[in-house]
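Raw final-v8.json, JSON, N, CA and C atoms:
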[["chain", "number", "residue", "atom", "x", "y", "z"],
["A", 174, "MET", "N", 0.49, 8.82, 17.66],
["A", 174, "MET", "CA", -0.59, 8.95, 16.69],
["A", 174, "MET", "C", -0.98, 10.42, 16.51],
["A", 175, "ARG", "N", -1.06, 11.17, 17.60],
["A", 175, "ARG", "CA", -1.50, 12.55, 17.51],
["A", 175, "ARG", "C", -0.52, 13.41, 16.74],
["A", 176, "CYS", "N", 0.76, 13.13, 16.91],
["A", 176, "CYS", "CA", 1.79, 13.93, 16.27],
["A", 176, "CYS", "C", 1.77, 13.76, 14.76],
["A", 177, "GLY", "N", 1.59, 12.55, 14.28],
["A", 177, "GLY", "CA", 1.53, 12.30, 12.86],
["A", 177, "GLY", "C", 2.89, 12.07, 12.20],
["A", 178, "ARG", "N", 3.96, 11.98, 12.99],
["A", 178, "ARG", "CA", 5.27, 11.70, 12.41],
["A", 178, "ARG", "C", 5.26, 10.31, 11.81],
["A", 179, "ARG", "N", 5.79, 10.19, 10.64],
["A", 179, "ARG", "CA", 5.77, 8.93, 9.90],
["A", 179, "ARG", "C", 6.46, 7.81, 10.67],
["A", 180, "HIS", "N", 7.62, 8.09, 11.27],
["A", 180, "HIS", "CA", 8.36, 7.01, 11.92],
["A", 180, "HIS", "C", 7.64, 6.44, 13.13],
["A", 181, "CYS", "N", 6.76, 7.20, 13.74],
["A", 181, "CYS", "CA", 6.02, 6.71, 14.91],
["A", 181, "CYS", "C", 5.11, 5.53, 14.56],
["A", 182, "PHE", "N", 4.61, 5.52, 13.34],
["A", 182, "PHE", "CA", 3.73, 4.44, 12.92],
["A", 182, "PHE", "C", 4.49, 3.13, 12.76],
["A", 183, "TYR", "N", 5.80, 3.21, 12.60],
["A", 183, "TYR", "CA", 6.61, 2.01, 12.41],
["A", 183, "TYR", "C", 7.41, 1.64, 13.65],
["A", 184, "THR", "N", 7.99, 2.63, 14.32],
["A", 184, "THR", "CA", 8.82, 2.32, 15.48],
["A", 184, "THR", "C", 8.00, 1.90, 16.69],
["A", 185, "GLY", "N", 6.81, 2.44, 16.85],
["A", 185, "GLY", "CA", 5.96, 2.06, 17.99],
["A", 185, "GLY", "C", 5.67, 0.57, 18.03],
["A", 186, "PRO", "N", 5.08, 0.01, 16.98],
["A", 186, "PRO", "CA", 4.83, -1.43, 16.97],
["A", 186, "PRO", "C", 6.13, -2.26, 17.01],
["A", 187, "PHE", "N", 7.18, -1.77, 16.36],
["A", 187, "PHE", "CA", 8.46, -2.48, 16.37],
["A", 187, "PHE", "C", 8.99, -2.60, 17.80],
["A", 188, "PHE", "N", 8.96, -1.52, 18.56],
["A", 188, "PHE", "CA", 9.45, -1.58, 19.94],
["A", 188, "PHE", "C", 8.58, -2.48, 20.81],
["A", 189, "LEU", "N", 7.29, -2.50, 20.56],
["A", 189, "LEU", "CA", 6.43, -3.41, 21.32],
["A", 189, "LEU", "C", 6.75, -4.87, 21.01],
["A", 190, "VAL", "N", 7.00, -5.18, 19.75],
["A", 190, "VAL", "CA", 7.37, -6.55, 19.37],
["A", 190, "VAL", "C", 8.72, -6.92, 19.98],
["A", 191, "MET", "N", 9.66, -6.00, 19.96],
["A", 191, "MET", "CA", 10.97, -6.28, 20.55],
["A", 191, "MET", "C", 10.88, -6.44, 22.07],
["A", 192, "ALA", "N", 10.02, -5.68, 22.71],
["A", 192, "ALA", "CA", 9.82, -5.83, 24.16],
["A", 192, "ALA", "C", 9.22, -7.20, 24.47],
["A", 193, "LEU", "N", 8.27, -7.62, 23.64],
["A", 193, "LEU", "CA", 7.67, -8.95, 23.83],
["A", 193, "LEU", "C", 8.72, -10.04, 23.61],
["A", 194, "GLY", "N", 9.55, -9.88, 22.60],
["A", 194, "GLY", "CA", 10.63, -10.84, 22.36],
["A", 194, "GLY", "C", 11.60, -10.90, 23.52],
["A", 195, "SER", "N", 11.94, -9.74, 24.08],
["A", 195, "SER", "CA", 12.84, -9.69, 25.24],
["A", 195, "SER", "C", 12.23, -10.38, 26.44],
["A", 196, "LEU", "N", 10.96, -10.13, 26.65],
["A", 196, "LEU", "CA", 10.26, -10.76, 27.77],
["A", 196, "LEU", "C", 10.22, -12.28, 27.60],
["A", 197, "MET", "N", 9.92, -12.72, 26.40],
["A", 197, "MET", "CA", 9.86, -14.17, 26.14],
["A", 197, "MET", "C", 11.23, -14.82, 26.27],
["A", 198, "TYR", "N", 12.27, -14.15, 25.82],
["A", 198, "TYR", "CA", 13.62, -14.69, 25.98],
["A", 198, "TYR", "C", 14.04, -14.70, 27.44],
["A", 199, "GLY", "N", 13.70, -13.65, 28.16],
["A", 199, "GLY", "CA", 14.03, -13.57, 29.58],
["A", 199, "GLY", "C", 13.38, -14.67, 30.40],
["A", 200, "PHE", "N", 12.17, -15.07, 30.05],
["A", 200, "PHE", "CA", 11.48, -16.15, 30.76],
["A", 200, "PHE", "C", 11.81, -17.53, 30.21],
["A", 201, "GLY", "N", 12.64, -17.58, 29.17],
["A", 201, "GLY", "CA", 13.06, -18.87, 28.63],
["A", 201, "GLY", "C", 12.10, -19.47, 27.63],
["A", 202, "VAL", "N", 11.09, -18.73, 27.20],
["A", 202, "VAL", "CA", 10.11, -19.23, 26.24],
["A", 202, "VAL", "C", 10.69, -19.22, 24.83],
["A", 203, "LEU", "N", 11.51, -18.23, 24.52],
["A", 203, "LEU", "CA", 12.08, -18.06, 23.20],
["A", 203, "LEU", "C", 13.56, -18.46, 23.25],
["A", 204, "PRO", "N", 13.89, -19.64, 22.73],
["A", 204, "PRO", "CA", 15.30, -20.08, 22.79],
["A", 204, "PRO", "C", 16.13, -19.40, 21.70],
["A", 205, "MET", "N", 17.11, -18.62, 22.12],
["A", 205, "MET", "CA", 17.98, -17.93, 21.18],
["A", 205, "MET", "C", 19.44, -18.20, 21.45],
["A", 206, "GLY", "N", 19.74, -19.16, 22.30],
["A", 206, "GLY", "CA", 21.12, -19.49, 22.60],
["A", 206, "GLY", "C", 21.77, -18.52, 23.57],
["A", 207, "SER", "N", 23.08, -18.64, 23.66],
["A", 207, "SER", "CA", 23.81, -17.83, 24.64],
["A", 207, "SER", "C", 23.98, -16.37, 24.20],
["A", 208, "SER", "N", 23.81, -16.09, 22.92],
["A", 208, "SER", "CA", 23.96, -14.71, 22.45],
["A", 208, "SER", "C", 22.61, -14.04, 22.18],
["A", 209, "GLY", "N", 21.59, -14.49, 22.86],
["A", 209, "GLY", "CA", 20.24, -13.96, 22.66],
["A", 209, "GLY", "C", 20.11, -12.48, 22.96],
["A", 210, "TRP", "N", 20.69, -12.04, 24.08],
["A", 210, "TRP", "CA", 20.60, -10.63, 24.44],
["A", 210, "TRP", "C", 21.31, -9.75, 23.43],
["A", 211, "ALA", "N", 22.44, -10.23, 22.93],
["A", 211, "ALA", "CA", 23.18, -9.46, 21.92],
["A", 211, "ALA", "C", 22.37, -9.36, 20.64],
["A", 212, "MET", "N", 21.74, -10.45, 20.24],
["A", 212, "MET", "CA", 20.91, -10.42, 19.03],
["A", 212, "MET", "C", 19.72, -9.49, 19.19],
["A", 213, "ILE", "N", 19.09, -9.52, 20.35],
["A", 213, "ILE", "CA", 17.95, -8.63, 20.62],
["A", 213, "ILE", "C", 18.42, -7.18, 20.60],
["A", 214, "GLY", "N", 19.55, -6.89, 21.22],
["A", 214, "GLY", "CA", 20.08, -5.54, 21.26],
["A", 214, "GLY", "C", 20.44, -5.00, 19.89],
["A", 215, "VAL", "N", 21.13, -5.81, 19.09],
["A", 215, "VAL", "CA", 21.53, -5.37, 17.75],
["A", 215, "VAL", "C", 20.30, -5.20, 16.86],
["A", 216, "THR", "N", 19.36, -6.12, 16.95],
["A", 216, "THR", "CA", 18.13, -6.02, 16.15],
["A", 216, "THR", "C", 17.35, -4.76, 16.52],
["A", 217, "THR", "N", 17.26, -4.47, 17.81],
["A", 217, "THR", "CA", 16.55, -3.28, 18.25],
["A", 217, "THR", "C", 17.26, -2.02, 17.78],
["A", 218, "LEU", "N", 18.56, -1.97, 17.91],
["A", 218, "LEU", "CA", 19.31, -0.79, 17.50],
["A", 218, "LEU", "C", 19.22, -0.55, 15.99],
["A", 219, "VAL", "N", 19.48, -1.58, 15.21],
["A", 219, "VAL", "CA", 19.44, -1.44, 13.76],
["A", 219, "VAL", "C", 18.01, -1.14, 13.29],
["A", 220, "GLY", "N", 17.04, -1.85, 13.84],
["A", 220, "GLY", "CA", 15.65, -1.62, 13.46],
["A", 220, "GLY", "C", 15.18, -0.23, 13.80],
["A", 221, "ALA", "N", 15.58, 0.28, 14.96],
["A", 221, "ALA", "CA", 15.17, 1.63, 15.35],
["A", 221, "ALA", "C", 15.76, 2.68, 14.41],
["A", 222, "VAL", "N", 17.02, 2.53, 14.08],
["A", 222, "VAL", "CA", 17.66, 3.49, 13.17],
["A", 222, "VAL", "C", 17.02, 3.45, 11.80],
["A", 223, "VAL", "N", 16.83, 2.25, 11.27],
["A", 223, "VAL", "CA", 16.25, 2.10, 9.93],
["A", 223, "VAL", "C", 14.81, 2.60, 9.91],
["A", 224, "LEU", "N", 14.01, 2.20, 10.90],
["A", 224, "LEU", "CA", 12.60, 2.59, 10.90],
["A", 224, "LEU", "C", 12.38, 4.05, 11.28],
["A", 225, "THR", "N", 13.36, 4.70, 11.85],
["A", 225, "THR", "CA", 13.23, 6.11, 12.16],
["A", 225, "THR", "C", 13.54, 6.98, 10.95],
["A", 226, "TYR", "N", 14.59, 6.66, 10.23],
["A", 226, "TYR", "CA", 15.03, 7.52, 9.14],
["A", 226, "TYR", "C", 14.51, 7.13, 7.76],
["A", 227, "LEU", "N", 14.45, 5.87, 7.46],
["A", 227, "LEU", "CA", 14.09, 5.44, 6.11],
["A", 227, "LEU", "C", 12.66, 5.83, 5.70],
["A", 228, "PRO", "N", 11.64, 5.57, 6.49],
["A", 228, "PRO", "CA", 10.28, 5.96, 6.07],
["A", 228, "PRO", "C", 10.13, 7.47, 5.84],
["A", 229, "GLU", "N", 10.77, 8.28, 6.68],
["A", 229, "GLU", "CA", 10.66, 9.72, 6.51],
["A", 229, "GLU", "C", 11.43, 10.21, 5.29],
["A", 230, "ARG", "N", 12.50, 9.53, 4.92],
["A", 230, "ARG", "CA", 13.25, 9.91, 3.72],
["A", 230, "ARG", "C", 12.47, 9.53, 2.47],
["A", 231, "ILE", "N", 11.74, 8.42, 2.52],
["A", 231, "ILE", "CA", 11.00, 7.95, 1.35],
["A", 231, "ILE", "C", 9.66, 8.66, 1.20],
["A", 232, "TRP", "N", 8.87, 8.70, 2.28],
["A", 232, "TRP", "CA", 7.48, 9.20, 2.19],
["A", 232, "TRP", "C", 7.24, 10.55, 2.83],
["A", 233, "GLY", "N", 8.26, 11.18, 3.38],
["A", 233, "GLY", "CA", 8.08, 12.48, 4.01],
["A", 233, "GLY", "C", 7.98, 12.36, 5.52],
["A", 234, "LYS", "N", 8.09, 13.50, 6.18],
["A", 234, "LYS", "CA", 8.15, 13.54, 7.63],
["A", 234, "LYS", "C", 6.82, 13.22, 8.31],
["A", 235, "TYR", "N", 5.73, 13.67, 7.72],
["A", 235, "TYR", "CA", 4.43, 13.49, 8.35],
["A", 235, "TYR", "C", 3.52, 12.65, 7.47],
["A", 236, "SER", "N", 2.67, 11.88, 8.13],
["A", 236, "SER", "CA", 1.66, 11.13, 7.38],
["A", 236, "SER", "C", 0.51, 12.07, 7.04],
["A", 237, "ARG", "N", -0.46, 11.58, 6.37],
["A", 237, "ARG", "CA", -1.60, 12.44, 5.98],
["A", 237, "ARG", "C", -2.53, 12.74, 7.13],
["A", 238, "VAL", "N", -2.33, 12.04, 8.24],
["A", 238, "VAL", "CA", -3.09, 12.32, 9.44],
["A", 238, "VAL", "C", -2.72, 13.72, 9.92],
["A", 239, "SER", "N", -3.63, 14.39, 10.55],
["A", 239, "SER", "CA", -3.39, 15.75, 11.02],
["A", 239, "SER", "C", -2.13, 15.81, 11.88],
["A", 240, "SER", "N", -1.31, 16.82, 11.67],
["A", 240, "SER", "CA", -0.10, 16.98, 12.44],
["A", 240, "SER", "C", -0.29, 17.98, 13.59],
["A", 241, "GLU", "N", -1.53, 18.25, 13.97],
["A", 241, "GLU", "CA", -1.79, 19.15, 15.09],
["A", 241, "GLU", "C", -1.31, 18.52, 16.38],
["A", 242, "GLY", "N", -0.80, 19.33, 17.26],
["A", 242, "GLY", "CA", -0.36, 18.85, 18.57],
["A", 242, "GLY", "C", 1.07, 18.38, 18.57],
["A", 243, "CYS", "N", 1.72, 18.46, 17.43],
["A", 243, "CYS", "CA", 3.12, 18.03, 17.36],
["A", 243, "CYS", "C", 4.01, 19.19, 17.76],
["A", 244, "SER", "N", 5.00, 18.90, 18.54],
["A", 244, "SER", "CA", 5.92, 19.97, 18.93],
["A", 244, "SER", "C", 7.25, 19.82, 18.27]]
For this file, write the structure as structure tokens.
Amino acid sequence: MRCGRRHCFYTGPFFLVMALGSLMYGFGVLPMGSSGWAMIGVTTLVGAVVLTYLPERIWGKYSRVSSEGCS
């Protein structure tokens, strides 16, 4: 949040949702079949790439929030 990079606003919540999905699949709450880990891995990889590059290409590198403190 402090940095103001556009992709942080999208990848942060995405990774939290994917971590929750992984946890639920690991405990058997979320039935995804025998290829569940592969689906989680591919979804995380593709989602991370798309959510890192696409928003910054469309709307710019920084949000309107102050970009102070970014290195």
- Query: In Å, with one decimal, what is the gap from atom CA of Pro228 of chain A to atom N of His180 of chain A?
  - Reply: 6.2 Å
3 Å per side around segment 175-193 of chain A: axis-aligned box centre and edge lengths, as lines of an AutoDock Vina configuration file:
center_x = 4.7
center_y = 1.9
center_z = 17.2
size_x = 18.5
size_y = 30.0
size_z = 20.6
- Item | Atomic distance atom CA of Trp232 of chain A - atom CA of Gly220 of chain A, expressed in Å with one decimal | 17.6 Å
Residue neighbourhood segment 183-194 of chain A, 7 Å, only C-alpha atoms, exclusion window fewer than 3 positions, as a short mmCIF file (atom, residue, chain, number, x, y, z; two decimals) with N, CA and C atoms, in the frame of the given file:
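Here's the written file result.cif:
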data_model
loop_
_atom_site.label_atom_id
_atom_site.label_comp_id
_atom_site.auth_asym_id
_atom_site.auth_seq_id
_atom_site.Cartn_x
_atom_site.Cartn_y
_atom_site.Cartn_z
N HIS A 180 7.62 8.09 11.27
CA HIS A 180 8.36 7.01 11.92
C HIS A 180 7.64 6.44 13.13
N MET A 197 9.92 -12.72 26.40
CA MET A 197 9.86 -14.17 26.14
C MET A 197 11.23 -14.82 26.27
N TYR A 198 12.27 -14.15 25.82
CA TYR A 198 13.62 -14.69 25.98
C TYR A 198 14.04 -14.70 27.44
N THR A 217 17.26 -4.47 17.81
CA THR A 217 16.55 -3.28 18.25
C THR A 217 17.26 -2.02 17.78
N ALA A 221 15.58 0.28 14.96
CA ALA A 221 15.17 1.63 15.35
C ALA A 221 15.76 2.68 14.41
N LEU A 224 14.01 2.20 10.90
CA LEU A 224 12.60 2.59 10.90
C LEU A 224 12.38 4.05 11.28
N THR A 225 13.36 4.70 11.85
CA THR A 225 13.23 6.11 12.16
C THR A 225 13.54 6.98 10.95
#
- Got a sec: who's within 12 Å of Leu196 of chain A, counting only C-alpha atoms, leaving out chain neighbours fewer than 6 positions off, as a VMD selection string? chain A and resid 189 to 190 202 to 204 209 to 210 213
